[in-house]
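**Student:** Input run-v2.cif, format and content: mmCIF, C-alpha atoms.
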```
data_entry
loop_
_atom_site.label_atom_id
_atom_site.label_comp_id
_atom_site.auth_asym_id
_atom_site.auth_seq_id
_atom_site.Cartn_x
_atom_site.Cartn_y
_atom_site.Cartn_z
CA MET A 13 66.52 260.90 -148.53
CA SER A 14 68.60 258.12 -150.05
CA HIS A 15 70.88 258.10 -147.00
CA LYS A 16 67.89 257.64 -144.68
CA PHE A 17 66.59 254.79 -146.81
CA VAL A 18 69.97 253.03 -146.71
CA LEU A 19 70.11 253.50 -142.94
CA LEU A 20 66.66 251.97 -142.50
CA VAL A 21 67.63 248.99 -144.65
CA CYS A 22 70.76 248.44 -142.57
CA LEU A 23 68.81 248.67 -139.33
CA ALA A 24 66.22 246.20 -140.65
CA ALA A 25 68.96 243.79 -141.68
CA THR A 26 70.57 244.09 -138.25
CA VAL A 27 67.28 243.41 -136.46
CA CYS A 28 66.53 240.38 -138.65
CA SER A 29 70.04 239.02 -138.10
CA ALA A 30 69.72 239.50 -134.32
CA ALA A 31 66.36 237.72 -134.32
CA LYS A 32 67.87 234.50 -135.64
CA VAL A 33 68.25 231.63 -133.19
CA PRO A 34 71.91 230.56 -132.94
CA VAL A 35 72.25 226.79 -133.17
CA ALA A 36 75.63 225.04 -132.94
CA VAL A 37 76.01 221.42 -134.04
CA TYR A 38 79.02 219.49 -132.71
CA TYR A 39 79.37 216.30 -134.73
CA GLU A 40 81.68 213.76 -136.41
CA SER A 41 81.88 213.09 -140.14
CA LEU A 42 81.46 209.28 -139.85
CA CYS A 43 79.23 209.13 -136.76
CA PRO A 44 75.94 207.28 -137.52
CA ASP A 45 73.99 209.33 -134.97
CA SER A 46 75.36 212.55 -136.45
CA ALA A 47 74.39 211.40 -139.92
CA LYS A 48 70.88 210.52 -138.78
CA PHE A 49 70.33 213.89 -137.12
CA ILE A 50 71.69 215.98 -139.99
CA THR A 51 69.96 214.08 -142.81
CA GLU A 52 66.62 213.37 -141.11
CA GLN A 53 66.13 216.36 -138.79
CA LEU A 54 68.40 219.31 -139.51
CA TYR A 55 68.50 219.31 -143.32
CA PRO A 56 64.71 219.02 -143.93
CA ALA A 57 64.06 221.71 -141.30
CA MET A 58 66.59 224.14 -142.78
CA LYS A 59 65.08 223.70 -146.23
CA SER A 60 61.83 225.14 -144.86
CA GLU A 61 60.97 228.61 -143.57
CA LEU A 62 63.20 228.01 -140.57
CA ARG A 63 66.25 228.91 -142.67
CA ASP A 64 65.28 232.58 -142.20
CA VAL A 65 65.17 232.41 -138.40
CA VAL A 66 67.98 229.97 -137.56
CA ASP A 67 71.73 230.56 -137.74
CA ILE A 68 73.54 227.20 -138.00
CA THR A 69 77.18 226.70 -136.96
CA PHE A 70 78.84 223.37 -137.78
CA VAL A 71 81.73 222.14 -135.61
CA PRO A 72 83.05 218.85 -137.08
CA PHE A 73 85.35 217.38 -134.43
CA GLY A 74 83.36 215.43 -131.83
CA LYS A 75 85.31 213.13 -129.52
CA SER A 76 88.52 213.37 -131.53
CA GLN A 77 91.84 214.23 -129.89
CA TYR A 78 95.02 215.84 -131.17
CA THR A 79 98.66 216.20 -130.11
CA THR A 80 101.26 218.64 -131.37
CA GLN A 81 104.97 218.09 -131.97
CA GLY A 82 106.44 221.34 -133.17
CA SER A 83 104.48 222.36 -136.23
CA GLU A 84 103.07 218.87 -136.73
CA VAL A 85 99.59 218.02 -135.47
CA THR A 86 98.50 214.40 -135.03
CA PHE A 87 94.81 213.56 -134.75
CA THR A 88 93.12 210.53 -133.22
CA CYS A 89 89.49 210.27 -134.26
CA HIS A 90 86.56 208.38 -132.80
CA HIS A 91 85.88 206.31 -135.93
CA GLY A 92 89.42 205.95 -137.23
CA PRO A 93 91.73 207.73 -139.74
CA ASN A 94 89.02 208.03 -142.41
CA GLU A 95 87.00 210.15 -140.04
CA CYS A 96 89.99 212.43 -139.43
CA TYR A 97 90.17 213.07 -143.17
CA GLY A 98 86.41 213.53 -143.34
CA ASN A 99 86.51 216.04 -140.48
CA LYS A 100 89.17 218.00 -142.40
CA VAL A 101 87.01 217.98 -145.55
CA HIS A 102 84.03 219.29 -143.57
CA ASN A 103 86.06 222.05 -141.95
CA CYS A 104 87.59 223.05 -145.29
CA ALA A 105 84.15 223.10 -146.94
CA ILE A 106 82.81 225.38 -144.21
CA GLU A 107 85.78 227.67 -144.78
CA LYS A 108 86.05 227.56 -148.60
CA ILE A 109 82.50 227.41 -149.95
CA GLN A 110 81.41 230.75 -151.35
CA SER A 111 77.99 231.82 -152.59
CA ASP A 112 77.42 232.16 -156.33
CA SER A 113 76.32 235.69 -157.19
CA TYR A 114 74.66 234.38 -160.34
CA ARG A 115 72.30 232.12 -158.35
CA LEU A 116 70.24 234.32 -156.11
CA GLU A 117 68.45 231.35 -154.54
CA SER A 118 71.74 229.92 -153.23
CA THR A 119 73.61 231.27 -150.24
CA ARG A 120 76.86 230.22 -148.67
CA GLU A 121 74.95 228.59 -145.83
CA SER A 122 72.61 226.67 -148.13
CA LEU A 123 75.46 225.41 -150.32
CA THR A 124 77.43 224.30 -147.25
CA LEU A 125 74.35 222.55 -145.88
CA ASP A 126 73.77 220.72 -149.18
CA PHE A 127 77.38 219.54 -149.34
CA ILE A 128 77.51 218.37 -145.71
CA ASN A 129 74.15 216.61 -146.05
CA CYS A 130 75.43 214.72 -149.13
CA LEU A 131 78.60 213.63 -147.30
CA MET A 132 76.65 212.50 -144.23
CA LYS A 133 74.27 210.47 -146.38
CA ALA A 134 77.22 208.60 -147.88
CA GLY A 135 78.51 207.70 -144.41
CA ASN A 136 81.05 204.85 -144.62
CA ASN A 137 79.80 203.71 -148.01
CA PHE A 138 82.77 204.56 -150.24
CA PRO A 139 82.66 202.63 -153.54
CA ASP A 140 86.20 201.60 -154.56
CA ASN A 141 87.48 203.37 -151.41
CA VAL A 142 86.93 206.74 -153.07
CA TYR A 143 85.86 209.49 -150.71
CA PRO A 144 82.55 210.99 -151.97
CA GLY A 145 83.82 214.59 -151.78
CA GLN A 146 83.99 215.16 -155.51
CA ARG A 147 80.64 213.50 -156.17
CA CYS A 148 78.93 215.59 -153.49
CA ALA A 149 80.66 218.74 -154.75
CA ILE A 150 79.25 218.12 -158.23
CA GLU A 151 75.76 217.50 -156.83
CA SER A 152 75.96 220.65 -154.72
CA GLN A 153 77.52 222.65 -157.57
CA ILE A 154 80.57 223.81 -155.64
CA ASN A 155 84.32 223.81 -156.32
CA TRP A 156 85.87 220.57 -155.06
CA GLU A 157 89.50 221.39 -155.89
CA ASN A 158 89.81 224.14 -153.30
CA ILE A 159 88.35 221.88 -150.61
CA LYS A 160 90.56 218.93 -151.56
CA ILE A 161 93.76 220.98 -151.50
CA CYS A 162 92.81 222.38 -148.10
CA ALA A 163 92.07 218.94 -146.64
CA ASN A 164 95.40 217.47 -147.82
CA THR A 165 97.60 220.30 -146.57
CA THR A 166 98.49 221.97 -143.29
CA GLU A 167 95.54 224.30 -143.69
CA GLY A 168 93.11 221.43 -143.11
CA SER A 169 94.98 220.40 -139.95
CA ILE A 170 94.88 223.95 -138.62
CA LEU A 171 91.13 224.21 -139.24
CA LEU A 172 90.49 220.85 -137.56
CA ARG A 173 92.59 221.83 -134.55
CA THR A 174 90.59 225.06 -134.28
CA ALA A 175 87.36 223.02 -134.28
CA GLY A 176 88.88 220.85 -131.54
CA ASP A 177 89.72 223.89 -129.41
CA THR A 178 86.16 225.17 -129.84
CA THR A 179 84.79 221.80 -128.76
CA MET A 180 87.04 221.56 -125.71
CA LYS A 181 86.03 225.05 -124.56
CA LEU A 182 82.44 223.98 -123.99
CA LYS A 183 81.23 224.64 -120.45
CA GLU A 184 79.89 221.11 -120.30
CA PRO A 185 82.46 218.61 -121.64
CA LEU A 186 81.16 216.90 -124.76
CA THR A 187 80.04 213.36 -123.92
CA ASN A 188 77.60 212.60 -126.74
CA VAL A 189 77.74 213.10 -130.49
CA PRO A 190 75.95 214.94 -131.91
CA THR A 191 75.56 217.72 -129.35
CA ILE A 192 73.26 220.63 -130.22
CA LEU A 193 73.45 223.98 -128.44
CA PHE A 194 70.74 226.64 -128.59
CA ASN A 195 71.74 230.22 -127.78
CA GLU A 196 75.20 228.90 -126.88
CA GLN A 197 73.71 227.01 -123.93
CA TYR A 198 73.82 223.26 -123.41
CA ASP A 199 70.84 221.48 -121.92
CA LYS A 200 70.77 217.71 -121.88
CA LYS A 201 66.99 217.41 -122.26
CA VAL A 202 66.88 220.01 -125.04
CA ASN A 203 69.72 218.23 -126.82
CA GLU A 204 67.90 214.90 -126.70
CA ARG A 205 64.61 216.47 -127.80
CA ALA A 206 66.26 218.28 -130.70
CA GLN A 207 67.64 215.02 -132.07
CA GLN A 208 64.12 213.60 -132.15
CA ASN A 209 62.16 216.74 -133.08
CA PHE A 210 64.38 219.56 -134.28
CA VAL A 211 61.54 221.67 -135.70
CA GLY A 212 59.54 221.58 -132.48
CA THR A 213 62.61 222.41 -130.40
CA VAL A 214 63.67 225.35 -132.58
CA CYS A 215 60.15 226.78 -132.59
CA GLN A 216 60.31 227.10 -128.80
CA TYR A 217 63.18 229.58 -129.24
CA VAL A 218 61.75 231.52 -132.18
CA GLY A 219 60.00 234.74 -131.22
CA ALA A 220 56.81 236.13 -132.68
CA PRO A 221 55.78 236.23 -135.40
CA GLN A 222 56.73 232.60 -135.88
CA PRO A 223 57.02 230.91 -139.27
CA ARG A 224 54.02 229.01 -140.53
CA ILE A 225 55.78 225.70 -140.00
CA CYS A 226 55.87 226.38 -136.25
CA ALA A 227 52.11 226.98 -136.15
CA GLN A 228 51.51 223.78 -138.10
CA HIS A 229 53.81 221.87 -135.81
CA ASN A 230 52.13 223.25 -132.68
CA SER A 231 48.71 222.21 -134.00
CA ALA A 232 50.00 218.74 -134.79
CA SER A 233 51.54 218.51 -131.32
CA VAL A 234 48.23 219.47 -129.68
CA ARG A 235 46.37 216.83 -131.69
CA SER A 236 49.02 214.28 -130.80
CA ARG A 237 48.74 215.08 -127.08
CA VAL A 238 44.94 214.87 -127.17
CA LYS A 239 45.14 211.52 -128.95
CA MET A 240 47.69 210.26 -126.44
CA LYS A 241 45.52 211.33 -123.50
CA SER A 242 42.51 209.56 -125.03
CA THR A 243 44.55 206.41 -125.54
CA ILE A 244 45.85 206.51 -121.96
CA SER A 245 42.33 207.04 -120.59
CA LEU A 246 40.99 204.08 -122.58
CA LEU A 247 43.89 201.94 -121.42
CA LEU A 248 43.22 202.86 -117.79
CA VAL A 249 39.55 201.92 -118.16
CA VAL A 250 40.51 198.53 -119.60
CA ILE A 251 43.05 197.92 -116.82
CA CYS A 252 40.54 198.86 -114.10
CA THR A 253 37.93 196.55 -115.64
CA VAL A 254 40.35 193.63 -115.75
CA VAL A 255 41.52 194.26 -112.16
CA LEU A 256 37.95 194.45 -110.81
CA ALA A 257 37.01 191.26 -112.64
CA ALA A 258 40.06 189.49 -111.22
CA GLN A 259 39.26 190.69 -107.69
CA GLN A 260 35.67 189.49 -107.99
CA SER A 261 36.86 186.10 -109.18
CA GLN A 262 39.30 185.85 -106.26
CA ALA A 263 36.55 186.89 -103.83
CA LYS A 264 34.32 184.05 -105.04
CA LYS A 265 37.18 181.61 -104.66
CA GLY A 266 37.69 182.91 -101.12
CA CYS A 267 34.01 182.28 -100.26
CA GLN A 268 34.24 178.76 -101.56
CA ALA A 269 37.41 178.16 -99.54
CA TYR A 270 35.46 178.96 -96.33
CA GLY A 271 32.60 176.66 -97.31
CA HIS A 272 30.26 179.39 -98.56
CA VAL A 273 28.58 180.10 -101.86
CA CYS A 274 28.89 183.71 -102.99
CA TYR A 275 25.67 185.15 -104.39
CA GLY A 276 26.44 188.87 -104.50
CA GLY A 277 28.96 191.59 -103.95
CA HIS A 278 30.18 193.35 -100.80
CA GLY A 279 30.95 190.15 -98.90
CA LYS A 280 27.48 188.54 -99.19
CA ARG A 281 27.58 184.78 -98.95
CA SER A 282 25.52 181.77 -97.84
CA LEU A 283 26.33 178.38 -96.41
CA ASN A 284 27.41 175.70 -98.81
CA ALA A 285 24.17 173.77 -98.43
CA GLY A 286 21.01 175.36 -99.75
CA SER A 287 18.28 173.76 -97.62
CA ALA A 288 15.72 175.83 -95.75
CA ALA A 289 16.59 174.19 -92.47
CA THR A 290 20.17 175.29 -92.75
CA ALA A 291 19.16 178.86 -93.54
CA ALA A 292 16.86 178.89 -90.52
CA ASN A 293 19.61 177.63 -88.25
CA ALA A 294 22.08 180.14 -89.68
CA ASN A 295 19.92 183.14 -88.66
CA GLY A 296 19.99 184.00 -85.01
CA PRO A 297 17.11 185.23 -82.85
CA SER A 298 17.45 188.72 -84.28
CA GLY A 299 16.92 187.43 -87.79
CA LEU A 300 20.33 188.70 -88.88
CA GLU A 301 22.57 186.65 -91.07
CA GLN A 302 25.35 184.91 -89.15
CA GLU A 303 28.74 183.96 -90.50
CA PHE A 304 29.88 180.40 -89.96
CA VAL A 305 33.15 178.66 -90.52
CA ARG A 306 32.60 175.11 -91.62
CA PRO A 307 35.71 173.15 -92.65
CA ASN A 308 35.13 170.91 -95.62
CA GLY A 309 35.38 167.22 -94.82
CA LEU A 310 35.76 167.68 -91.03
CA LEU A 311 33.28 164.99 -90.05
CA PRO A 312 31.96 163.05 -93.02
CA MET A 313 29.57 161.02 -90.85
CA LEU A 314 27.88 164.11 -89.39
CA ALA A 315 25.17 166.14 -91.16
CA PRO A 316 24.68 169.56 -89.45
CA ASN A 317 22.23 170.59 -92.17
CA ASP A 318 19.73 167.87 -91.23
CA GLN A 319 18.07 166.90 -87.98
CA GLN A 320 19.20 163.29 -88.38
CA ALA A 321 22.66 162.04 -89.09
CA VAL A 322 23.42 160.51 -92.45
CA PRO A 323 24.65 156.93 -92.10
CA ALA A 324 28.39 156.94 -92.20
CA VAL A 325 30.71 154.38 -93.68
CA PRO A 326 31.57 151.89 -90.91
CA ASP A 327 35.00 152.31 -89.46
CA PRO A 328 36.55 149.18 -87.99
CA GLU A 329 38.28 151.21 -85.30
CA PHE A 330 35.24 153.33 -84.49
CA ASP A 331 31.90 151.50 -84.76
CA ASP A 332 30.08 152.57 -81.62
CA TYR A 333 26.68 154.07 -82.35
CA PRO A 334 25.98 155.72 -78.91
CA SER A 335 29.36 157.38 -78.94
CA ARG A 336 28.73 158.62 -82.48
CA GLN A 337 25.40 160.12 -81.40
CA MET A 338 27.03 161.89 -78.50
CA LEU A 339 29.72 163.22 -80.78
CA TYR A 340 27.08 164.43 -83.20
CA LYS A 341 25.34 166.46 -80.47
CA ILE A 342 28.61 168.02 -79.41
CA MET A 343 29.56 168.99 -82.93
CA LYS A 344 26.06 170.26 -83.71
CA SER A 345 26.19 172.69 -80.81
CA TRP A 346 29.63 173.81 -81.99
CA PHE A 347 28.43 174.39 -85.57
CA ASN A 348 25.52 176.50 -84.35
CA ARG A 349 27.87 178.99 -82.73
CA PRO A 350 28.81 182.00 -84.96
CA HIS A 351 32.47 182.26 -85.87
CA ARG A 352 34.38 184.86 -87.78
CA PRO A 353 36.97 183.65 -90.27
CA VAL A 354 40.54 184.58 -89.39
CA PRO A 355 43.49 184.98 -91.76
CA ARG A 356 45.36 181.86 -90.66
CA LEU A 357 42.54 179.37 -90.45
CA ALA A 358 44.55 176.18 -90.20
CA GLU A 359 46.69 177.36 -87.27
CA LEU A 360 44.15 179.28 -85.16
CA ASP A 361 40.63 177.90 -85.57
CA TYR A 362 41.54 174.27 -86.11
CA PRO A 363 44.73 173.42 -84.22
CA PHE A 364 44.49 169.75 -85.04
CA SER A 365 45.33 167.37 -87.84
CA ASN A 366 43.80 167.76 -91.27
CA SER A 367 42.99 164.09 -91.50
CA ALA A 368 39.28 163.30 -91.01
CA GLU A 369 40.01 159.90 -89.44
CA ASN A 370 42.37 161.38 -86.86
CA ILE A 371 39.86 164.10 -85.99
CA ASN A 372 37.03 161.58 -85.58
CA ARG A 373 39.19 159.33 -83.44
CA GLU A 374 40.37 162.14 -81.14
CA LEU A 375 36.89 163.62 -80.68
CA ALA A 376 35.37 160.18 -80.03
CA MET A 377 37.95 159.33 -77.43
CA ASN A 378 37.35 162.65 -75.65
CA ALA A 379 33.63 162.01 -75.66
CA LEU A 380 34.08 158.53 -74.16
CA ASN A 381 36.35 159.84 -71.43
#
```
Just dump the structure as structure tokens.

**Tutor:**
Amino acid sequence: MSHKFVLLVCLAATVCSAAKVPVAVYYESLCPDSAKFITEQLYPAMKSELRDVVDITFVPFGKSQYTTQGSEVTFTCHHGPNECYGNKVHNCAIEKIQSDSYRLESTRESLTLDFINCLMKAGNNFPDNVYPGQRCAIESQINWENIKICANTTEGSILLRTAGDTTMKLKEPLTNVPTILFNEQYDKKVNERAQQNFVGTVCQYVGAPQPRICAQHNSASVRSRVKMKSTISLLLVVICTVVLAAQQSQAKKGCQAYGHVCYGGHGKRSLNAGSAATAANANGPSGLEQEFVRPNGLLPMLAPNDQQAVPAVPDPEFDDYPSRQMLYKIMKSWFNRPHRPVPRLAELDYPFSNSAENINRELAMNALN
């Protein structure tokens, strides 16, 4: 009976271990982006229920390079020699930290995570140029001497070179630090999303039953999406309202440019003058509204809205009353013809000078001839 119980326990442990999501973090000890991800995303998440469903592997090497000359290994690190030493400390900590059997709440993984998080928080801030290894070891309650000896000897170089070989064996060459792999697979979009929302990204890989934090996160995500959709909808309504108002304003300006006064939507407009006689002349025999093109200031001395001409200002070069009357009749018949506005008004409908005096003079001379 006892043998069967032990076997069941082993099988349960194997199943639980297999259910964990493998996550590999490739980073650098003095990289600001690595520090931000570990301290703000990874560490808080792994202190929650996710620690039971995620298996973290740290690979501190990043974009570093190394060369070998015999038994000697020379490293060139992305952020200088201090980072090379920091990478060795991280690798030695991962190798040397052991769980304390007297503290059941602490595991090797949790102690390593605490120590790495402390180092990443310190970043480049080393008071008196003292590396914060000992201080972080005291805070994490681990043995600093073993780690320090490892980092300052050949053992640390061997561990760092091994981390470099692991990094260089990636299917996709490492271009960004940090780089996060889920299930030993690299995906650029997943990597970027994990750096912004590690909990939400991990929960997509965790099978059922999921931890409570995943359910809470999913609910928060749904509320966030609903709120975002509402905000976008409201913004679209505001934009449409502004665009319609701007179009209406431009339409009214267009009516005024053709000498009309807009009084409604859908292209409705009236002549610039508001007299009853003008309205009567504007409607044809069928009683339908006609569209007229009347250039502003074409003939100041003519009044097509009245039966009689308004006295014009005498022009020394053109002061012949009979000729002016004849010109008035010609222009009146022209105004009473319906015209449709065309896009290029100045070049098509009125192929003559914009000056009123020149127009009057040319028309008068044609009438006299």

**Student:** Would you compute the distance between atom CA of A:Val66 and atom CA of A:Arg205? Give it in Å to one decimal.

**Tutor:**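 Interatomic distance here is 17.0 Å.
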
**Student:** What does the distance between atom CA of A:Lys160 and atom CA of A:Ile68 come to in Å, to one decimal place?

**Tutor:**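 Computing it gives 23.3 Å between the two atoms.
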
**Student:** So what do you get for atom CA of A:Ile154 versus atom CA of A:Arg115, distance-wise?

**Tutor:**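 Answer for the atom CA of A:Ile154 to atom CA of A:Arg115 separation: 12.0 Å.
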
**Student:** Quick check on the file I pasted: which residues fall under the PyMOL selection byres ((chain A and resi 80-91) around 10)? Write them as a CSV table (one decimal) with C-alpha atoms, in the coordinates of the input.

**Tutor:**
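Ended up saving to result06.csv:
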```
chain,number,residue,atom,x,y,z
A,40,GLU,CA,81.7,213.8,-136.4
A,41,SER,CA,81.9,213.1,-140.1
A,42,LEU,CA,81.5,209.3,-139.8
A,43,CYS,CA,79.2,209.1,-136.8
A,73,PHE,CA,85.4,217.4,-134.4
A,74,GLY,CA,83.4,215.4,-131.8
A,75,LYS,CA,85.3,213.1,-129.5
A,76,SER,CA,88.5,213.4,-131.5
A,77,GLN,CA,91.8,214.2,-129.9
A,78,TYR,CA,95.0,215.8,-131.2
A,79,THR,CA,98.7,216.2,-130.1
A,92,GLY,CA,89.4,206.0,-137.2
A,93,PRO,CA,91.7,207.7,-139.7
A,94,ASN,CA,89.0,208.0,-142.4
A,95,GLU,CA,87.0,210.2,-140.0
A,96,CYS,CA,90.0,212.4,-139.4
A,97,TYR,CA,90.2,213.1,-143.2
A,99,ASN,CA,86.5,216.0,-140.5
A,166,THR,CA,98.5,222.0,-143.3
A,169,SER,CA,95.0,220.4,-140.0
A,170,ILE,CA,94.9,224.0,-138.6
A,172,LEU,CA,90.5,220.8,-137.6
A,173,ARG,CA,92.6,221.8,-134.6
A,176,GLY,CA,88.9,220.8,-131.5
```

**Student:** Residues picked by the PyMOL selection byres ((chain A and resi 163) around 9) here, as a ChimeraX atom specification?

**Tutor:** /A:97-105,158-162,164-169

**Student:** Would you kindly translate the PyMOL selection byres ((chain A and resi 219) around 10) into the concrete residues it picks from this file, as a list in words?

**Tutor:**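 After applying the PyMOL selection byres ((chain A and resi 219) around 10), what remains is Ala31, Lys32, Val33, Val65, Cys215, Gln216, Tyr217, Val218, Ala220, Pro221, Gln222 and Pro223 of chain A.
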
**Student:** Which is closest to A:Glu157 among A:Leu247, A:Lys108, A:Leu125, A:Gly135, if we use all atoms listed in the file?

**Tutor:**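 Closest to A:Glu157, using all atoms listed in the file: A:Lys108.
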
**Student:** For stretch 185-199 of chain A, find every residue with an atom within 7 Å (counting all atoms listed in the file), except residues of its own chain fewer than 6 positions away, and show them as number ranges by chain.

**Tutor:** A: 33-39, 45-46, 74

**Student:** Could you check which of A:Val250, A:Arg224, A:His229, A:Ile106 is closest to A:Val211, using all atoms listed in the file?

**Tutor:**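 Closest to A:Val211, using all atoms listed in the file: A:His229.
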
**Student:** Please give the centre and size of the box around stretch 194-201 of chain A (axis-aligned, containing every atom listed in the file, 5 Å added per side), with values in Å to one decimal and written as lines of an AutoDock Vina configuration file.

**Tutor:**
```
center_x = 71.1
center_y = 223.8
center_z = -125.2
size_x = 18.2
size_y = 22.8
size_z = 16.7
```

**Student:** Point out the residue among A:Val214, A:Met132, A:Ala175, A:Ala227 with the least atom-to-atom distance to A:Met58, counting all atoms listed in the file.

**Tutor:** A:Val214
